[in-house]
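Contents: one structure, followed by commentary.
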Amino acid sequence: MRIRRGITGAYVQDIKKIREVFGGRVRYFLSSAAPIALEIIEFFHGCGMVILEGYGQTEVSCFCTLNTPDAFRFGSVGKALPGVLLKIAGDGEIMVKGDIVFKGYLNQPELTEKTLAGDGWIYTGDIGHIDTDGFLWITGRKKDIIITSGGKNVTPSNIENLLMSHPLIEYAMVHGDRRKYLTALISLSPENAPEWVQSNGYPGLTFEQITQLDAVKQEIGKAVTDANANLANFETIKKFFILPKPFEIETGELTPTMKVRRRIVEERYMNMLDDLYAEK
């Protein structure tokens with residue numbers, strides 16, 4: 001979203017107010033650790049503040065790629081920094097080489113051997129691709145890849161991000177490893193869901209009652225349909241279940257950095273997942 005010539009004075013004032021929230025002189029932000037929704041990046045860009053996403057991990061001394069004010073592509077994590085080499089392994093895993101790569105884990109030779117290729121390259125555990133202009137795009141974690149019973153490889157994070165673009169959905173977890181089709185567990189937003197049902201004529205409901213409301217189920221169904229329209233047939237969500245309570249750090253469903261603990265969630269809600277695959 002670019003600021004166009006001829007915009008109204010009121011719109012300019014709104015942009016000015018947003019910039020002042022961040023001190024008034026901010027030109028760009030640096031971001032890493034987790035992807036930001038494209039709509040948010042475009043919004044801040046429209047306000048004259050570009051968000052520059054980067055990529056790295058502890059084993060490669062933080063950043064190894066970064067968008068810059070002179071070379072950025074929204075949705076990517078930028079180009080390799082000076083002295084850093086990138087390549088994509090045959091299975092799609094991102095590999096990094098350079099002086100920034102660590103020498104190994106302390107007193108963990110087996111883990112070190114699995115992580116380092118032996119010729120200076122490190123297996124990052126992330127899946128992605130490099131475009132023709134050298135920008136790196138992250139598409140998922142290798143350990144999270146779902147292989148359906150039909151042998152199709154699916155990166156769940158791509159689908160989850162599409163679902164989570166809906167304001168009612170705070171988290172979505174796609175399931176389907178060794179299954180005939182994909183399903184999803186939906187965790188509603190504790191902030192947006194009550195506001196949505198209130199504005200749609202359903203006041204005074206508890207969070208669990210909100211999750212059982214037919215109007216909410218229909219709205220989530222629309223979100224699933226919209227996401228499926230952007231996916232190959234084997235990637236589409238066939239069924240979903242709205243959880244009665246949101247994911248939380250305290251319950252072990254989220255990490256301290258607010259990422260879903262996939263195995264814990266699957267174990268906790270396996271009965272519900274099994275029901276989604278039950279023949280009826």
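Identifiers for the structure tokens are assigned positionally: chains receive A, B, ... in sequence, residues are indexed from 1 per chain, and ligands are indexed from 1 in the order shown.
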
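For Gly104 (chain A), the list of residues within 12 Å, based on only C-alpha atoms and with local chain neighbours fewer than 6 positions off taken out, reads A:Thr58, A:Glu59, A:Val60, A:Glu110, A:Leu111, A:Thr112, A:Glu113, A:Lys114, A:Thr115, A:Leu116, A:Ala117, A:Gly118, A:Gly120, A:Trp121, A:Ile122.
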
Generate the output file for the selected residues, N, CA and C atoms, as a PDB file, in the first residue's frame.
```
ATOM      1  N   THR A  58      20.120 -18.795  16.573  1.00  0.00           N
ATOM      2  CA  THR A  58      21.250 -18.714  17.504  1.00  0.00           C
ATOM      3  C   THR A  58      22.514 -19.305  16.896  1.00  0.00           C
ATOM      4  N   GLU A  59      22.372 -20.400  16.161  1.00  0.00           N
ATOM      5  CA  GLU A  59      23.540 -21.089  15.596  1.00  0.00           C
ATOM      6  C   GLU A  59      24.230 -20.322  14.474  1.00  0.00           C
ATOM      7  N   VAL A  60      23.596 -19.263  13.975  1.00  0.00           N
ATOM      8  CA  VAL A  60      24.236 -18.447  12.937  1.00  0.00           C
ATOM      9  C   VAL A  60      24.362 -16.991  13.395  1.00  0.00           C
ATOM     10  N   GLU A 110      26.707 -35.709  18.736  1.00  0.00           N
ATOM     11  CA  GLU A 110      25.722 -36.298  17.828  1.00  0.00           C
ATOM     12  C   GLU A 110      24.808 -35.235  17.238  1.00  0.00           C
ATOM     13  N   LEU A 111      24.351 -34.310  18.089  1.00  0.00           N
ATOM     14  CA  LEU A 111      23.494 -33.230  17.604  1.00  0.00           C
ATOM     15  C   LEU A 111      24.265 -32.319  16.659  1.00  0.00           C
ATOM     16  N   THR A 112      25.532 -32.069  16.980  1.00  0.00           N
ATOM     17  CA  THR A 112      26.383 -31.244  16.110  1.00  0.00           C
ATOM     18  C   THR A 112      26.525 -31.877  14.734  1.00  0.00           C
ATOM     19  N   GLU A 113      26.733 -33.198  14.709  1.00  0.00           N
ATOM     20  CA  GLU A 113      26.902 -33.909  13.438  1.00  0.00           C
ATOM     21  C   GLU A 113      25.641 -33.838  12.578  1.00  0.00           C
ATOM     22  N   LYS A 114      24.455 -33.860  13.234  1.00  0.00           N
ATOM     23  CA  LYS A 114      23.201 -33.777  12.490  1.00  0.00           C
ATOM     24  C   LYS A 114      22.947 -32.373  11.952  1.00  0.00           C
ATOM     25  N   THR A 115      23.498 -31.371  12.644  1.00  0.00           N
ATOM     26  CA  THR A 115      23.207 -29.984  12.291  1.00  0.00           C
ATOM     27  C   THR A 115      24.180 -29.418  11.273  1.00  0.00           C
ATOM     28  N   LEU A 116      25.455 -29.800  11.369  1.00  0.00           N
ATOM     29  CA  LEU A 116      26.482 -29.295  10.458  1.00  0.00           C
ATOM     30  C   LEU A 116      26.778 -30.316   9.371  1.00  0.00           C
ATOM     31  N   ALA A 117      26.872 -29.832   8.139  1.00  0.00           N
ATOM     32  CA  ALA A 117      27.067 -30.735   7.002  1.00  0.00           C
ATOM     33  C   ALA A 117      28.508 -31.225   6.872  1.00  0.00           C
ATOM     34  N   GLY A 118      29.432 -30.595   7.574  1.00  0.00           N
ATOM     35  CA  GLY A 118      30.820 -31.042   7.522  1.00  0.00           C
ATOM     36  C   GLY A 118      31.695 -30.214   6.610  1.00  0.00           C
ATOM     37  N   GLY A 120      31.125 -26.760   6.288  1.00  0.00           N
ATOM     38  CA  GLY A 120      30.851 -25.368   6.640  1.00  0.00           C
ATOM     39  C   GLY A 120      29.390 -24.976   6.547  1.00  0.00           C
ATOM     40  N   TRP A 121      28.567 -25.822   5.947  1.00  0.00           N
ATOM     41  CA  TRP A 121      27.136 -25.531   5.814  1.00  0.00           C
ATOM     42  C   TRP A 121      26.384 -26.028   7.042  1.00  0.00           C
ATOM     43  N   ILE A 122      25.352 -25.292   7.428  1.00  0.00           N
ATOM     44  CA  ILE A 122      24.501 -25.699   8.533  1.00  0.00           C
ATOM     45  C   ILE A 122      23.083 -25.948   8.030  1.00  0.00           C
TER      46      ILE A 122
END
```

Contacts of Glu53 (chain A) within 6 Å, only C-alpha atoms, excl. fewer than 3 positions in-chain, as a count of residues only: 5

Long-range neighbours of region 205-211 of chain A as JSON, numbers by chain, 12 Å cut-off, only C-alpha atoms, 4 positions minimum in chain: {"A": [168, 169, 185, 186, 187, 188, 189, 190, 191, 192, 193, 194, 195, 196, 197, 198, 200, 201, 215, 216, 217, 218, 219, 220, 241, 242, 243, 244, 245, 246]}

Shell of 10 Å around region 37-45 of chain A, only C-alpha atoms, local chain residues under 3 positions omitted, as an NGL selection string: :A and (1-3 or 15 or 18-19 or 27-29 or 34 or 48-53 or 74-75 or 161-162 or 164-165)

Per residue of region 8-107 of chain A within 6 Å of region 127-132 of chain A, which atom pair is closest and at what distance in Å (one decimal), using only C-alpha atoms, listed by chain and increasing number, as JSON lines?
```
{"residue": "A:Gly92", "atom": "CA", "partner": "A:Ile127", "partner_atom": "CA", "distance": 5.3}
{"residue": "A:Glu93", "atom": "CA", "partner": "A:Ile127", "partner_atom": "CA", "distance": 4.5}
{"residue": "A:Ile94", "atom": "CA", "partner": "A:Ile127", "partner_atom": "CA", "distance": 5.7}
```

Members of region 11-241 of chain A assigned alpha helix (DSSP H) by DSSP, as a VMD selection string: chain A and resid 11 to 21 38 to 46 109 to 115 156 to 163 192 to 199 207 to 211 214 to 228

Backbone-only DSSP, strand (DSSP E or B) members of region 56-226 of chain A, as a ChimeraX atom specification: /A:56-57,62-66,68,71,79-80,85-88,93-97,116,121-130,136-141,146-147,153-154,169-175,182-188

Of the listed residues A:Phe240, A:Phe135, A:Phe102, A:Tyr123, that which approaches Thr65 (chain A) most closely, counting only C-alpha atoms: A:Phe135

Separation of CA of Val224 (chain A) from CA of Pro167 (chain A) in Å: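 Value for the CA of Pro167 (chain A)-CA of Val224 (chain A) distance: 12.7 Å.
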